[in-house]
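Student: Please find one structure pasted underneath; my questions will follow.
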Amino acid sequence: MSSTTLTVAAFFDATTFTGTRHARPLIEALTTHDLPPRVLISGNAGSGKTTMLRGAQRFLTQKRATVSVLGPDTDVLDVPAASILLVDDLHLLPAAQMEGLRVRASDPDAALVATSRPWPHSHALSSIARHLERSRPAVVLGHLTRADVLDYLEANERTLKPTCLDHLLEVTGGVAWLVSAALAAHDDRDCADDGTHTALGNVLEQSVAHRMGVVDDDVRRTIEAMSVWSDDAPVMTDDPDDVESVIAQGYAEGLLLRSGRPVPVVRSAVRANLSARRLVDLLAAMPGGMDPLASRNGDWLADIRDPRLSPALLEHGDQLLESDPVRASELYAAAAETGVNSADLAAKRAQAALSWGDVDSAAQLLDEAMAFADRSDDVSARIADVAAATWSMRGMLHTGAGFYEAFPPTTAEASVRRLIARIGVGEAGAAETDDASPDVQRAAPSTLGVAMNLLQRGLLTSLRADHGDAAVADLVRASHLFTASRSAAPMPEHPAIIAAVAAISAGDLATARAVVDAAIDGHQGTSWVMSRLLLWKSWIALQQAKGARSREALEASVALTPKAAARDELLLQAIRVGLARRYEDAAGLEAAWERGRDGLLDADVDLYTLLPLVEFVSAGARVGDEAVTEPLFSRALALVEALGRPALWSAHLRWAGIQRGILRNRPESLSPHAHALVDAAPHSGVAETMAKAGRLWTSVLAGSVDVDEVDAAAQSLAAIGLRWDAARLAGQGAGRSDDRKVSARLLARARELFPQEKPAVTETPGENAEAPAGTVESVLSERETDVARLVVEGKTYAEIGETIFISPRTAEHHIASIRRRLGATSRSDLIAKLRVALSQTRPFADDV
C-alpha cells in the first residue's frame with residue numbers, strides 16, 4: 001500500500017466512503033507548513049462533508065495543532081487567527097456568525113476549514129467562498145466515479161461484479177449518498193437471477209421517497225414533474241424566475257444532477273410513489289404534450305396498478321377532449337395501457353384522433369368501439385357522430401350517414417348532425433325532422449343549440465323553391481354562432497363550409513368569403529378544420545379571379561396538412577385544376593388533370609362537394625377525358641333529383657352540363673340541363689341568369705351575336721361568380737362577329753371581366769441577344785405586350801388567342817408586327833430579345 005493510501009487510511013475511518021481523490025487536497029491543505037489551513041469543502045447532502053471535517057479534526061488533534069470547533073455560542077472574532085477554526089454546514093449558520101466568518105475569511109493569515117452545500121446562496125457565503133478559494137481550490141464532493149467505488153471496495157476488502165457496479169453507477173448517477181446506500185444494501189443473492197436489481201431498486205426508492213418527503217414543497221413538486229415528463233420538457237415552477245433556484249436546491253439535496261435532471265433512481269422512485277391523482281395532474285399538464293408510454297423509460301405507467309389511475313386519466317382526458325385533443329388522446333392512450341377497454345374509451349380516442357386530422361387512426365378506433373359497443377345512449381351517439389365525420393373525411397359520407405341508422409340520435413344537436421349527413425347524400429326523407437321523436441332529449445337554449453337550430457332551418461329551407469337567400473342567411477348566422485360556441489364536436493360537414501357552399505351556389509361570393517374568413521379568424525371547429533377552411537378560401541378566390549390569393553391560401557392549407565384526407569384532396573386537386581384551366585396553357589392543364597384525376601377515384605360525391613365536381617366536369621371536357629367524371633356527374637344529378645331538384649344546389653351542376661356540351665361541341669347534350677335551368681328560373685336568380693346565358697351561348701356558336709344581349713349576359717354571369725365563363729362568352733362573341741365595333745366592345749368586356757395574370761419574366765437571354773432600346777411598353781402597344789408575354793411562355797397562336805380572347809390569325813399578325821418592331825431575324829432571336837425587354841419591365845401585380 002502506498003504512503004498516500006496509508007495517510008488517507010490514517011486520516012479516515014475505514015467505513016468512510018471518501019476516497020483518495022477527495023482526501024488528498026484536504027490533507028495537503030492541512031499539512032502545508034508555510035500557509036495556514038484555509039479550504040472550503042462543498043458538496044450536496046450525504047456527500048461526506050461532515051465526515052471529512054471530523055477526519056480533519058482527528059488528524060489535527062493527533063498532530064497537536066491548535067483547533068477550534070465553531071459552536072452555537074462561538075464568537076468568531078474571539079478565535080485567534082492561528083487557531084484552525086473548523087466550521088460545519090456553513091450554509092445554515094445565523095447572520096451574526098456568517099458576518100464574523102466573512103471577516104475571518106478575508107484575512108489570508110487566519111486558518112479556516114469549512115463545509116457547505118452549494119445552496120442556499122447568500123452574499124456572505126459567496127464572499128467567504130471567494131476568499132477561501134484565493135488560497136486553495138475548494139474540495140468538491142457529491143459525484144463518484146468507478147475508480148472511487150473500486151478504491152472504497154478495496155479498502156473495505158469487498159468485491160462487486162462488474163455488471164453490478166455498472167448498474168449501480170447508472171441508476172444512482174454517481175451521486176455519493178445514493179452510491180453509499182446502494183453499496184450498503186447490495187446483496188449478491190438478490191441479483192443472482194435478476195440483472196435488473198429489483199430488490200436493490202426497491203430499497204433505494206424507499207430512501208429517495210423519505211428524502212422527497214422532507215424537502216421544500218416547491219422542490220418536491222418540481223422534481224415530481226420532471227420525473228414524469230420527458231427529459232426535454234421545460235422546468236416549470238409557480239414563479240419562472242425561481243427555476244434556477246429550485247434546480248440548485250434539488251441538486252443540493254442530492255436528487256438532481258448538475259444538468260438539472262432527476263437522478264435515474266429518483267425518477268423511478270417518484271413514479272412508483274406518486275398518488276394517482278398527482279400523477280394524472282402532471283400528465284395533463286405536460287408541456288408541449290407527449291405520450292408518456294413512448295418515453296425512453298418504456299411502459300412504466302402501465303405497471304402502476306392503482307385502481308384510481310384509470311378513472312383519473314379518463315376524467316382529465318374528457319376535460320381536454322375539445323380544447324386539446326392531442327393531450328386528451330395521450331391520456332386516453334395511457335388509460336388504455338393500464339387495462340381499460342370499453343366502447344366509450346375507444347369512441348373518445350377516435351374523436352380525439354379525428355380532431356387533429358388522423359382519419360385512419362380514428363377509423364381503426366371506431367372499429368374497436370363497435371366491437372365493445374354496449375349500446376348505451378352516450379356511447380352510441382358518440383360512435384355515430386365520429387363515424388359520420390370520419391367517413392365524410394374519407395370521401396364516403398353515405399357510409400357515415402348509415403351509422404345514424406344503427407345508432408339513432410338521442411339529442412337535438414345529434415339530430416341536426418344526422419340531418420346534415422342525410423341531406424348531404426340526397427336521402428329523399430331527409431327533410432322530415434326528428435323534432436317529434438320521443439327519444440330526443442331537449443335542453444335549454446345555448447349558443448351551440450341555437451347555432452344547430454339555425455343550421456337545421458337553413459338546410460331545410462335551402463331545399464325549397466325561391467328561398468335561397470333566406471337559407472343562406474340562416475346558414476351564415478349558424479356558422480357565426482357555432483364559432484362562438486367553441487364547439488369541437490365531430491361534424492359530417494362544418495357550418496362555415498355549408499354556409500359558404502350555399503352562398504357560392506346562390507351567386508354571392510362576397511358572403512361566402514366573409515363567412516369563411518370569420519370562421520378562420522375564430523378557429524371554428526378542431527385544428528384540422530383550419531386546413532379545410534383555407535382550401536375553401538382558395539376556392540372562393542379562384543372564382544373571384546384572384547389567382548394569387550387562391551394560390552396563397554392553397555399553399556397555407558398544404559403547409560398545415562401535407563397529407564390531406566380524401567375529401568380535402570378532392571377539393572385541393574379541383575383548385576389546382578381550376579388554376580391551370582384559367583392561367584396555364586394546354587400542357588399545364590393536362591399535367592394538373594393527370595395529378596388530380598385520382599382524387600375523383602378516392603372520393604364519392606355528396607351535396608357539399610358538388611362545386612369541386614363541377615370544376616372537374618368542365619376540365620375533363622376540356623382535356624377530352626370525360627370517362628372519369630361521367631359516373632360522378634350522373635350520381636350528382638341523381639342526388640339533387642332525389643332532393644327535389646332544389647335550385648340552390650342544382651344550378652351550378654346543370655351549368656357544368658351546359659359547359660361540357662359547349663366544349664365538346666355536342667349541342668344535343670345541352671338540352672336537359674337547359675330545360676332544368678329554365679324550370680328553376682322562376683325561383684332562382686342564378687338559374688335564370690344561367691338559362692339566359694346558355695341560350696345566348698348556343699346562338700353565338702351558331703354565328704348569331706347580339707352585342708347588347710351577350711354583353712348583359714356576360715356581366716350577369718360575372719355577378720353570380722362565373723367571371724371566367726363570362727369572359728369566355730364575351731370573347732367567343734367577339735370572335736364570331738364580323739362587326740369590328742362589336743368585336744372590340746366584347747373583347748374589352750372579356751378583358752375587364754377576367755384580367756390576365758402577368759408575372760415578370762426574368763430569364764437570362766442568349767449570349768448573342770441584343771436588348772432593344774427601352775422597355776417593351778416603349779416599343780410595343782398594350783395588346784402586343786400581352787401577346788409578347790405569352791410568346792415567351794411558349795404558347796401557340798391558338799393558345800394565345802384563347803388566353804386573351806383574340807383569334808389565332810390576329811395573334812399571328814401581332815407576332816409578325818412585334819418581330820418587325822424589334823428587328824428579330826428568327827423565332828429564337830425574337831424570344832431572346834423579348835426576354836431581355838420584359839425583364840426590364842415593371843412586374844405586374846399577381847393578385848388579379
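We label chains A, B, ... in the order they appear in the C-alpha cells, count residues from 1 in each chain, and number ligands from 1 in the order shown.
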Could you pull out all residues of region 38-148 of chain A with a DSSP call of alpha helix (DSSP H) and give them as JSON, numbers by chain?
Tutor: {"A": [49, 50, 51, 52, 53, 54, 55, 56, 57, 58, 59, 60, 61, 62, 95, 96, 97, 98, 99, 100, 101, 102, 103, 104, 105, 123, 124, 125, 126, 127, 128, 129, 130, 131, 132, 133, 134, 135, 146, 147, 148]}
Student: Can you pull out the residues contacting Ala681 (chain A)? Cut-off 10 Å, using only C-alpha atoms, and skip same-chain residues under 4 positions away; I want them as a ChimeraX atom specification.
Tutor: /A:466,647,651,675-677,685-692
Student: Would you put the residues from that selection into a file with all heavy atoms, as a CSV table (one decimal), in the first residue's frame?
Tutor:
chain,number,residue,atom,x,y,z
A,466,ASP,N,-87.4,29.1,-54.3
A,466,ASP,CA,-87.5,30.6,-54.0
A,466,ASP,C,-87.1,31.0,-52.6
A,466,ASP,O,-87.7,31.9,-52.1
A,466,ASP,CB,-88.9,31.1,-54.4
A,466,ASP,CG,-88.9,32.5,-54.7
A,466,ASP,OD1,-87.8,33.1,-55.0
A,466,ASP,OD2,-90.0,33.2,-54.6
A,647,ALA,N,-83.1,24.4,-56.6
A,647,ALA,CA,-82.4,25.3,-57.5
A,647,ALA,C,-81.0,25.7,-56.9
A,647,ALA,O,-80.0,25.9,-57.6
A,647,ALA,CB,-83.2,26.5,-57.8
A,651,ALA,N,-78.2,24.3,-59.7
A,651,ALA,CA,-78.0,25.2,-60.8
A,651,ALA,C,-76.6,25.1,-61.4
A,651,ALA,O,-76.3,24.9,-62.6
A,651,ALA,CB,-78.3,26.6,-60.4
A,675,HIS,N,-83.2,22.9,-70.0
A,675,HIS,CA,-84.6,22.8,-69.6
A,675,HIS,C,-84.7,22.9,-68.1
A,675,HIS,O,-85.6,23.5,-67.5
A,675,HIS,CB,-85.2,21.5,-70.1
A,675,HIS,CG,-85.6,21.5,-71.5
A,675,HIS,ND1,-86.3,22.6,-72.1
A,675,HIS,CD2,-85.3,20.6,-72.5
A,675,HIS,CE1,-86.4,22.3,-73.4
A,675,HIS,NE2,-85.8,21.2,-73.7
A,676,ALA,N,-83.8,22.2,-67.4
A,676,ALA,CA,-83.8,22.2,-65.9
A,676,ALA,C,-83.5,23.6,-65.4
A,676,ALA,O,-84.2,24.1,-64.4
A,676,ALA,CB,-82.7,21.3,-65.3
A,677,LEU,N,-82.7,24.4,-66.0
A,677,LEU,CA,-82.4,25.7,-65.6
A,677,LEU,C,-83.6,26.6,-65.9
A,677,LEU,O,-84.0,27.5,-65.1
A,677,LEU,CB,-81.2,26.3,-66.3
A,677,LEU,CG,-79.8,25.7,-65.8
A,677,LEU,CD1,-78.7,26.2,-66.7
A,677,LEU,CD2,-79.6,26.1,-64.3
A,685,GLY,N,-82.6,33.4,-59.1
A,685,GLY,CA,-81.9,34.4,-60.0
A,685,GLY,C,-80.7,33.8,-60.7
A,685,GLY,O,-80.4,34.1,-61.8
A,686,VAL,N,-80.0,32.9,-60.0
A,686,VAL,CA,-78.8,32.2,-60.5
A,686,VAL,C,-79.2,31.4,-61.7
A,686,VAL,O,-78.6,31.4,-62.8
A,686,VAL,CB,-78.1,31.4,-59.5
A,686,VAL,CG1,-77.0,30.5,-60.1
A,686,VAL,CG2,-77.5,32.3,-58.4
A,687,ALA,N,-80.3,30.6,-61.5
A,687,ALA,CA,-80.7,29.7,-62.6
A,687,ALA,C,-81.2,30.5,-63.8
A,687,ALA,O,-81.0,30.1,-64.9
A,687,ALA,CB,-81.9,28.8,-62.1
A,688,GLU,N,-81.9,31.6,-63.5
A,688,GLU,CA,-82.4,32.5,-64.6
A,688,GLU,C,-81.2,33.0,-65.4
A,688,GLU,O,-81.2,33.0,-66.6
A,688,GLU,CB,-83.2,33.6,-64.0
A,688,GLU,CG,-83.8,34.5,-65.0
A,688,GLU,CD,-84.6,35.7,-64.4
A,688,GLU,OE1,-84.5,35.8,-63.2
A,688,GLU,OE2,-85.3,36.4,-65.2
A,689,THR,N,-80.2,33.5,-64.7
A,689,THR,CA,-79.0,34.0,-65.4
A,689,THR,C,-78.3,33.0,-66.2
A,689,THR,O,-77.9,33.2,-67.4
A,689,THR,CB,-78.0,34.6,-64.3
A,689,THR,OG1,-78.6,35.7,-63.7
A,689,THR,CG2,-76.7,35.0,-65.0
A,690,MET,N,-78.2,31.8,-65.7
A,690,MET,CA,-77.6,30.7,-66.4
A,690,MET,C,-78.4,30.3,-67.6
A,690,MET,O,-77.8,30.0,-68.7
A,690,MET,CB,-77.3,29.5,-65.5
A,690,MET,CG,-76.3,29.7,-64.4
A,690,MET,SD,-76.2,28.3,-63.3
A,690,MET,CE,-74.8,28.7,-62.3
A,691,ALA,N,-79.7,30.2,-67.4
A,691,ALA,CA,-80.6,29.8,-68.5
A,691,ALA,C,-80.5,30.8,-69.7
A,691,ALA,O,-80.3,30.4,-70.9
A,691,ALA,CB,-82.0,29.7,-68.0
A,692,LYS,N,-80.5,32.1,-69.4
A,692,LYS,CA,-80.4,33.1,-70.4
A,692,LYS,C,-79.0,33.0,-71.1
A,692,LYS,O,-78.9,33.1,-72.3
A,692,LYS,CB,-80.6,34.4,-69.9
A,692,LYS,CG,-80.6,35.6,-70.9
A,692,LYS,CD,-80.9,36.9,-70.2
A,692,LYS,CE,-82.3,37.0,-69.7
A,692,LYS,NZ,-82.6,38.3,-69.2
Student: Applying 12 Å and only C-alpha atoms, which residues near Gly733 (chain A) remain after dropping the ones on its own chain fewer than 4 positions away? List them as a PyMOL selection string.
Tutor: chain A and resi 693+696-711+713-714+726-729+737-750+805-807
Student: Restricted to N, CA, C and O atoms, what would the selected residues look like written as a compact mmCIF listing (two decimals), in the first residue's frame?
Tutor:
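Wrote selection.txt, looks like this:
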# COMPACT_ATOMS: atom_id res chain seq x y z
N ALA A 693 -77.94 32.87 -70.28
CA ALA A 693 -76.59 32.83 -70.85
C ALA A 693 -76.39 31.58 -71.70
O ALA A 693 -75.74 31.63 -72.75
N LEU A 696 -78.01 32.17 -75.08
CA LEU A 696 -77.22 33.08 -75.90
C LEU A 696 -75.94 32.42 -76.41
O LEU A 696 -75.49 32.67 -77.53
N TRP A 697 -75.35 31.59 -75.56
CA TRP A 697 -74.09 30.94 -75.94
C TRP A 697 -74.28 30.05 -77.17
O TRP A 697 -73.48 30.04 -78.10
N THR A 698 -75.39 29.30 -77.17
CA THR A 698 -75.65 28.45 -78.34
C THR A 698 -75.88 29.30 -79.58
O THR A 698 -75.50 28.91 -80.70
N SER A 699 -76.52 30.46 -79.39
CA SER A 699 -76.73 31.36 -80.54
C SER A 699 -75.40 31.89 -81.05
O SER A 699 -75.18 32.00 -82.27
N VAL A 700 -74.51 32.26 -80.12
CA VAL A 700 -73.19 32.76 -80.52
C VAL A 700 -72.43 31.70 -81.30
O VAL A 700 -71.81 31.98 -82.34
N LEU A 701 -72.47 30.45 -80.82
CA LEU A 701 -71.76 29.38 -81.52
C LEU A 701 -72.33 29.14 -82.90
O LEU A 701 -71.63 28.68 -83.81
N ALA A 702 -73.62 29.49 -83.04
CA ALA A 702 -74.26 29.33 -84.36
C ALA A 702 -73.99 30.54 -85.25
O ALA A 702 -74.44 30.58 -86.40
N GLY A 703 -73.29 31.57 -84.71
CA GLY A 703 -72.93 32.73 -85.51
C GLY A 703 -73.81 33.92 -85.32
O GLY A 703 -73.62 34.95 -86.00
N SER A 704 -74.78 33.87 -84.42
CA SER A 704 -75.68 34.99 -84.19
C SER A 704 -75.25 35.72 -82.92
O SER A 704 -75.32 35.16 -81.83
N VAL A 705 -74.80 36.94 -83.07
CA VAL A 705 -74.26 37.69 -81.94
C VAL A 705 -75.03 38.98 -81.78
O VAL A 705 -74.94 39.89 -82.62
N ASP A 706 -75.84 39.06 -80.71
CA ASP A 706 -76.49 40.31 -80.33
C ASP A 706 -75.62 40.95 -79.26
O ASP A 706 -75.57 40.49 -78.13
N VAL A 707 -74.92 42.01 -79.63
CA VAL A 707 -73.89 42.55 -78.76
C VAL A 707 -74.45 42.97 -77.40
O VAL A 707 -73.82 42.74 -76.36
N ASP A 708 -75.62 43.58 -77.38
CA ASP A 708 -76.18 44.04 -76.11
C ASP A 708 -76.55 42.86 -75.22
O ASP A 708 -76.29 42.88 -74.00
N GLU A 709 -77.17 41.85 -75.81
CA GLU A 709 -77.58 40.69 -75.02
C GLU A 709 -76.37 39.91 -74.51
O GLU A 709 -76.33 39.47 -73.36
N VAL A 710 -75.38 39.72 -75.36
CA VAL A 710 -74.17 39.00 -74.95
C VAL A 710 -73.44 39.78 -73.85
O VAL A 710 -72.99 39.20 -72.86
N ASP A 711 -73.34 41.07 -74.03
CA ASP A 711 -72.67 41.90 -73.03
C ASP A 711 -73.40 41.82 -71.69
O ASP A 711 -72.79 41.63 -70.63
N ALA A 713 -75.47 39.46 -70.66
CA ALA A 713 -75.39 38.10 -70.11
C ALA A 713 -74.03 37.85 -69.47
O ALA A 713 -73.93 37.20 -68.42
N ALA A 714 -72.97 38.35 -70.12
CA ALA A 714 -71.63 38.18 -69.56
C ALA A 714 -71.51 38.87 -68.21
O ALA A 714 -70.97 38.30 -67.24
N ALA A 726 -68.01 34.09 -67.96
CA ALA A 726 -68.48 35.35 -68.54
C ALA A 726 -67.48 35.89 -69.55
O ALA A 726 -67.86 36.34 -70.65
N ALA A 727 -66.21 35.86 -69.21
CA ALA A 727 -65.17 36.34 -70.13
C ALA A 727 -65.11 35.48 -71.38
O ALA A 727 -64.92 35.99 -72.50
N ARG A 728 -65.28 34.17 -71.22
CA ARG A 728 -65.28 33.28 -72.40
C ARG A 728 -66.46 33.56 -73.31
O ARG A 728 -66.33 33.56 -74.54
N LEU A 729 -67.64 33.81 -72.72
CA LEU A 729 -68.81 34.13 -73.54
C LEU A 729 -68.57 35.41 -74.34
O LEU A 729 -68.82 35.47 -75.55
N SER A 737 -68.16 37.64 -84.47
CA SER A 737 -68.84 38.80 -85.05
C SER A 737 -67.99 39.39 -86.17
O SER A 737 -66.76 39.51 -86.04
N ASP A 738 -68.66 39.77 -87.25
CA ASP A 738 -67.95 40.39 -88.37
C ASP A 738 -67.86 41.90 -88.21
O ASP A 738 -67.14 42.56 -88.98
N ASP A 739 -68.56 42.43 -87.23
CA ASP A 739 -68.56 43.87 -86.97
C ASP A 739 -67.39 44.20 -86.04
O ASP A 739 -67.33 43.74 -84.89
N ARG A 740 -66.46 45.02 -86.53
CA ARG A 740 -65.26 45.32 -85.74
C ARG A 740 -65.62 46.05 -84.45
O ARG A 740 -64.99 45.86 -83.42
N LYS A 741 -66.63 46.91 -84.46
CA LYS A 741 -67.03 47.62 -83.26
C LYS A 741 -67.59 46.65 -82.22
O LYS A 741 -67.31 46.76 -81.04
N VAL A 742 -68.39 45.68 -82.70
CA VAL A 742 -68.93 44.67 -81.78
C VAL A 742 -67.80 43.85 -81.18
O VAL A 742 -67.76 43.59 -79.97
N SER A 743 -66.87 43.42 -82.02
CA SER A 743 -65.74 42.61 -81.54
C SER A 743 -64.92 43.39 -80.51
O SER A 743 -64.54 42.84 -79.46
N ALA A 744 -64.65 44.66 -80.81
CA ALA A 744 -63.85 45.47 -79.89
C ALA A 744 -64.56 45.64 -78.55
O ALA A 744 -63.94 45.55 -77.49
N ARG A 745 -65.88 45.87 -78.61
CA ARG A 745 -66.63 46.05 -77.36
C ARG A 745 -66.64 44.79 -76.52
O ARG A 745 -66.41 44.83 -75.29
N LEU A 746 -66.88 43.65 -77.17
CA LEU A 746 -66.94 42.39 -76.40
C LEU A 746 -65.56 41.95 -75.92
O LEU A 746 -65.43 41.36 -74.85
N LEU A 747 -64.50 42.23 -76.71
CA LEU A 747 -63.15 41.91 -76.25
C LEU A 747 -62.79 42.75 -75.03
O LEU A 747 -62.18 42.26 -74.07
N ALA A 748 -63.16 44.01 -75.06
CA ALA A 748 -62.89 44.88 -73.90
C ALA A 748 -63.63 44.35 -72.67
O ALA A 748 -63.10 44.36 -71.55
N ARG A 749 -64.88 43.88 -72.88
CA ARG A 749 -65.64 43.33 -71.76
C ARG A 749 -64.99 42.05 -71.24
O ARG A 749 -64.91 41.83 -70.02
N ALA A 750 -64.48 41.22 -72.14
CA ALA A 750 -63.83 39.98 -71.72
C ALA A 750 -62.60 40.27 -70.87
O ALA A 750 -62.38 39.64 -69.84
N PHE A 805 -58.49 36.24 -75.65
CA PHE A 805 -59.75 36.45 -76.37
C PHE A 805 -59.55 37.14 -77.73
O PHE A 805 -60.20 38.14 -78.05
N ILE A 806 -58.64 36.61 -78.51
CA ILE A 806 -58.47 37.06 -79.90
C ILE A 806 -58.38 35.81 -80.76
O ILE A 806 -58.19 34.69 -80.26
N SER A 807 -58.52 35.96 -82.07
CA SER A 807 -58.43 34.81 -82.96
C SER A 807 -56.97 34.43 -83.18
O SER A 807 -56.07 35.28 -83.04
Student: Quick one: residues within 8 Å of Val87 (chain A), only C-alpha atoms, excluding same-chain residues fewer than 2 positions away - as a ChimeraX atom specification?
Tutor: /A:69-70,85,89-90,112-115
Student: Restricting it to all heavy atoms, dump the selection as a PDB file, in the first residue's frame.
Tutor:
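Once everything was written out, this is result.pdb:
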ATOM      1  N   VAL A  69     -13.523  24.446  17.222  1.00  0.00           N
ATOM      2  CA  VAL A  69     -14.709  23.986  16.510  1.00  0.00           C
ATOM      3  C   VAL A  69     -15.834  24.988  16.764  1.00  0.00           C
ATOM      4  O   VAL A  69     -16.136  25.299  17.918  1.00  0.00           O
ATOM      5  CB  VAL A  69     -15.141  22.575  16.960  1.00  0.00           C
ATOM      6  CG1 VAL A  69     -16.421  22.159  16.235  1.00  0.00           C
ATOM      7  CG2 VAL A  69     -14.018  21.572  16.688  1.00  0.00           C
ATOM      8  N   LEU A  70     -16.414  25.505  15.717  1.00  0.00           N
ATOM      9  CA  LEU A  70     -17.475  26.504  15.853  1.00  0.00           C
ATOM     10  C   LEU A  70     -18.709  25.874  16.477  1.00  0.00           C
ATOM     11  O   LEU A  70     -19.231  24.872  15.980  1.00  0.00           O
ATOM     12  CB  LEU A  70     -17.834  27.100  14.487  1.00  0.00           C
ATOM     13  CG  LEU A  70     -18.856  28.236  14.528  1.00  0.00           C
ATOM     14  CD1 LEU A  70     -18.218  29.492  15.116  1.00  0.00           C
ATOM     15  CD2 LEU A  70     -19.398  28.509  13.124  1.00  0.00           C
ATOM     16  N   LEU A  85      -9.912  27.065  12.733  1.00  0.00           N
ATOM     17  CA  LEU A  85     -11.339  27.061  13.019  1.00  0.00           C
ATOM     18  C   LEU A  85     -12.056  26.118  12.051  1.00  0.00           C
ATOM     19  O   LEU A  85     -11.987  26.301  10.835  1.00  0.00           O
ATOM     20  CB  LEU A  85     -11.914  28.476  12.894  1.00  0.00           C
ATOM     21  CG  LEU A  85     -13.416  28.627  13.171  1.00  0.00           C
ATOM     22  CD1 LEU A  85     -13.773  28.164  14.584  1.00  0.00           C
ATOM     23  CD2 LEU A  85     -13.870  30.075  12.959  1.00  0.00           C
ATOM     24  N   ASP A  89     -21.432  22.900   8.011  1.00  0.00           N
ATOM     25  CA  ASP A  89     -22.706  23.433   7.490  1.00  0.00           C
ATOM     26  C   ASP A  89     -22.746  24.959   7.514  1.00  0.00           C
ATOM     27  O   ASP A  89     -23.625  25.584   8.132  1.00  0.00           O
ATOM     28  CB  ASP A  89     -23.886  22.851   8.278  1.00  0.00           C
ATOM     29  CG  ASP A  89     -24.108  21.366   7.959  1.00  0.00           C
ATOM     30  OD1 ASP A  89     -23.704  20.932   6.865  1.00  0.00           O
ATOM     31  OD2 ASP A  89     -24.674  20.659   8.807  1.00  0.00           O
ATOM     32  N   LEU A  90     -21.830  25.527   6.801  1.00  0.00           N
ATOM     33  CA  LEU A  90     -21.722  26.983   6.733  1.00  0.00           C
ATOM     34  C   LEU A  90     -23.042  27.626   6.280  1.00  0.00           C
ATOM     35  O   LEU A  90     -23.422  28.700   6.735  1.00  0.00           O
ATOM     36  CB  LEU A  90     -20.601  27.328   5.735  1.00  0.00           C
ATOM     37  CG  LEU A  90     -20.135  28.760   5.617  1.00  0.00           C
ATOM     38  CD1 LEU A  90     -19.543  29.252   6.928  1.00  0.00           C
ATOM     39  CD2 LEU A  90     -19.109  28.875   4.479  1.00  0.00           C
ATOM     40  N   LEU A 112      -8.954  28.570   8.452  1.00  0.00           N
ATOM     41  CA  LEU A 112     -10.390  28.306   8.422  1.00  0.00           C
ATOM     42  C   LEU A 112     -10.668  27.135   7.486  1.00  0.00           C
ATOM     43  O   LEU A 112     -10.285  27.147   6.318  1.00  0.00           O
ATOM     44  CB  LEU A 112     -11.150  29.548   7.922  1.00  0.00           C
ATOM     45  CG  LEU A 112     -12.673  29.403   7.744  1.00  0.00           C
ATOM     46  CD1 LEU A 112     -13.356  29.048   9.065  1.00  0.00           C
ATOM     47  CD2 LEU A 112     -13.259  30.691   7.165  1.00  0.00           C
ATOM     48  N   VAL A 113     -11.317  26.098   8.027  1.00  0.00           N
ATOM     49  CA  VAL A 113     -11.754  24.947   7.227  1.00  0.00           C
ATOM     50  C   VAL A 113     -13.269  24.839   7.425  1.00  0.00           C
ATOM     51  O   VAL A 113     -13.741  24.653   8.550  1.00  0.00           O
ATOM     52  CB  VAL A 113     -11.062  23.638   7.659  1.00  0.00           C
ATOM     53  CG1 VAL A 113     -11.573  22.479   6.820  1.00  0.00           C
ATOM     54  CG2 VAL A 113      -9.543  23.775   7.535  1.00  0.00           C
ATOM     55  N   ALA A 114     -14.033  24.955   6.327  1.00  0.00           N
ATOM     56  CA  ALA A 114     -15.490  24.999   6.440  1.00  0.00           C
ATOM     57  C   ALA A 114     -16.142  24.098   5.400  1.00  0.00           C
ATOM     58  O   ALA A 114     -15.579  23.851   4.329  1.00  0.00           O
ATOM     59  CB  ALA A 114     -15.995  26.429   6.261  1.00  0.00           C
ATOM     60  N   THR A 115     -17.323  23.596   5.746  1.00  0.00           N
ATOM     61  CA  THR A 115     -18.116  22.799   4.796  1.00  0.00           C
ATOM     62  C   THR A 115     -19.410  23.549   4.482  1.00  0.00           C
ATOM     63  O   THR A 115     -19.928  24.304   5.311  1.00  0.00           O
ATOM     64  CB  THR A 115     -18.470  21.414   5.364  1.00  0.00           C
ATOM     65  OG1 THR A 115     -19.453  21.558   6.386  1.00  0.00           O
ATOM     66  CG2 THR A 115     -17.247  20.704   5.909  1.00  0.00           C
TER      67      THR A 115
END
Student: Out of A:Trp649, A:Trp391, A:Phe482, A:Phe407, which residue has the shortest atom-to-atom distance to His523 (chain A) when counting only C-alpha atoms?
Tutor: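 Nearest candidate to His523 (chain A) out of A:Trp649, A:Trp391, A:Phe482, A:Phe407: A:Phe482.
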Student: Choose the residue, out of A:Gly458, A:Gly547, A:Gly507, A:Gly578, that has the smallest atom-to-atom separation from Ile720 (chain A); count only C-alpha atoms.
Tutor: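 The shortest atom-to-atom distance to Ile720 (chain A) comes from A:Gly507.
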Student: Using only C-alpha atoms, which residues sit within 12 Å of Arg64 (chain A) once same-chain residues fewer than 6 positions away are excluded, as a short mmCIF file (atom, residue, chain, number, x, y, z; two decimals) with all heavy atoms, in the first residue's frame?
Tutor:
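Result file around-v7.cif:
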data_model
loop_
_atom_site.label_atom_id
_atom_site.label_comp_id
_atom_site.auth_asym_id
_atom_site.auth_seq_id
_atom_site.Cartn_x
_atom_site.Cartn_y
_atom_site.Cartn_z
N GLN A 57 -10.38 16.94 11.94
CA GLN A 57 -10.23 17.26 13.38
C GLN A 57 -9.38 16.19 14.05
O GLN A 57 -8.47 16.52 14.85
CB GLN A 57 -11.60 17.34 14.03
CG GLN A 57 -11.54 17.74 15.50
CD GLN A 57 -12.93 17.83 16.13
OE1 GLN A 57 -13.94 17.55 15.48
NE2 GLN A 57 -12.98 18.20 17.40
N ARG A 58 -9.61 14.91 13.77
CA ARG A 58 -8.79 13.86 14.35
C ARG A 58 -7.34 14.00 13.93
O ARG A 58 -6.42 13.87 14.72
CB ARG A 58 -9.32 12.48 13.92
CG ARG A 58 -10.63 12.06 14.57
CD ARG A 58 -10.87 10.56 14.39
NE ARG A 58 -10.84 10.18 12.98
CZ ARG A 58 -11.91 10.20 12.18
NH1 ARG A 58 -13.07 10.61 12.67
NH2 ARG A 58 -11.80 9.83 10.93
N SER A 83 -5.37 29.76 15.29
CA SER A 83 -6.15 28.56 15.63
C SER A 83 -6.94 28.15 14.39
O SER A 83 -7.57 28.98 13.73
CB SER A 83 -7.10 28.85 16.79
OG SER A 83 -7.88 27.71 17.07
N ILE A 84 -6.89 26.84 14.12
CA ILE A 84 -7.60 26.34 12.93
C ILE A 84 -9.08 26.19 13.29
O ILE A 84 -9.46 25.31 14.07
CB ILE A 84 -7.01 24.99 12.48
CG1 ILE A 84 -5.51 25.13 12.20
CG2 ILE A 84 -7.74 24.50 11.22
CD1 ILE A 84 -4.82 23.82 11.89
#
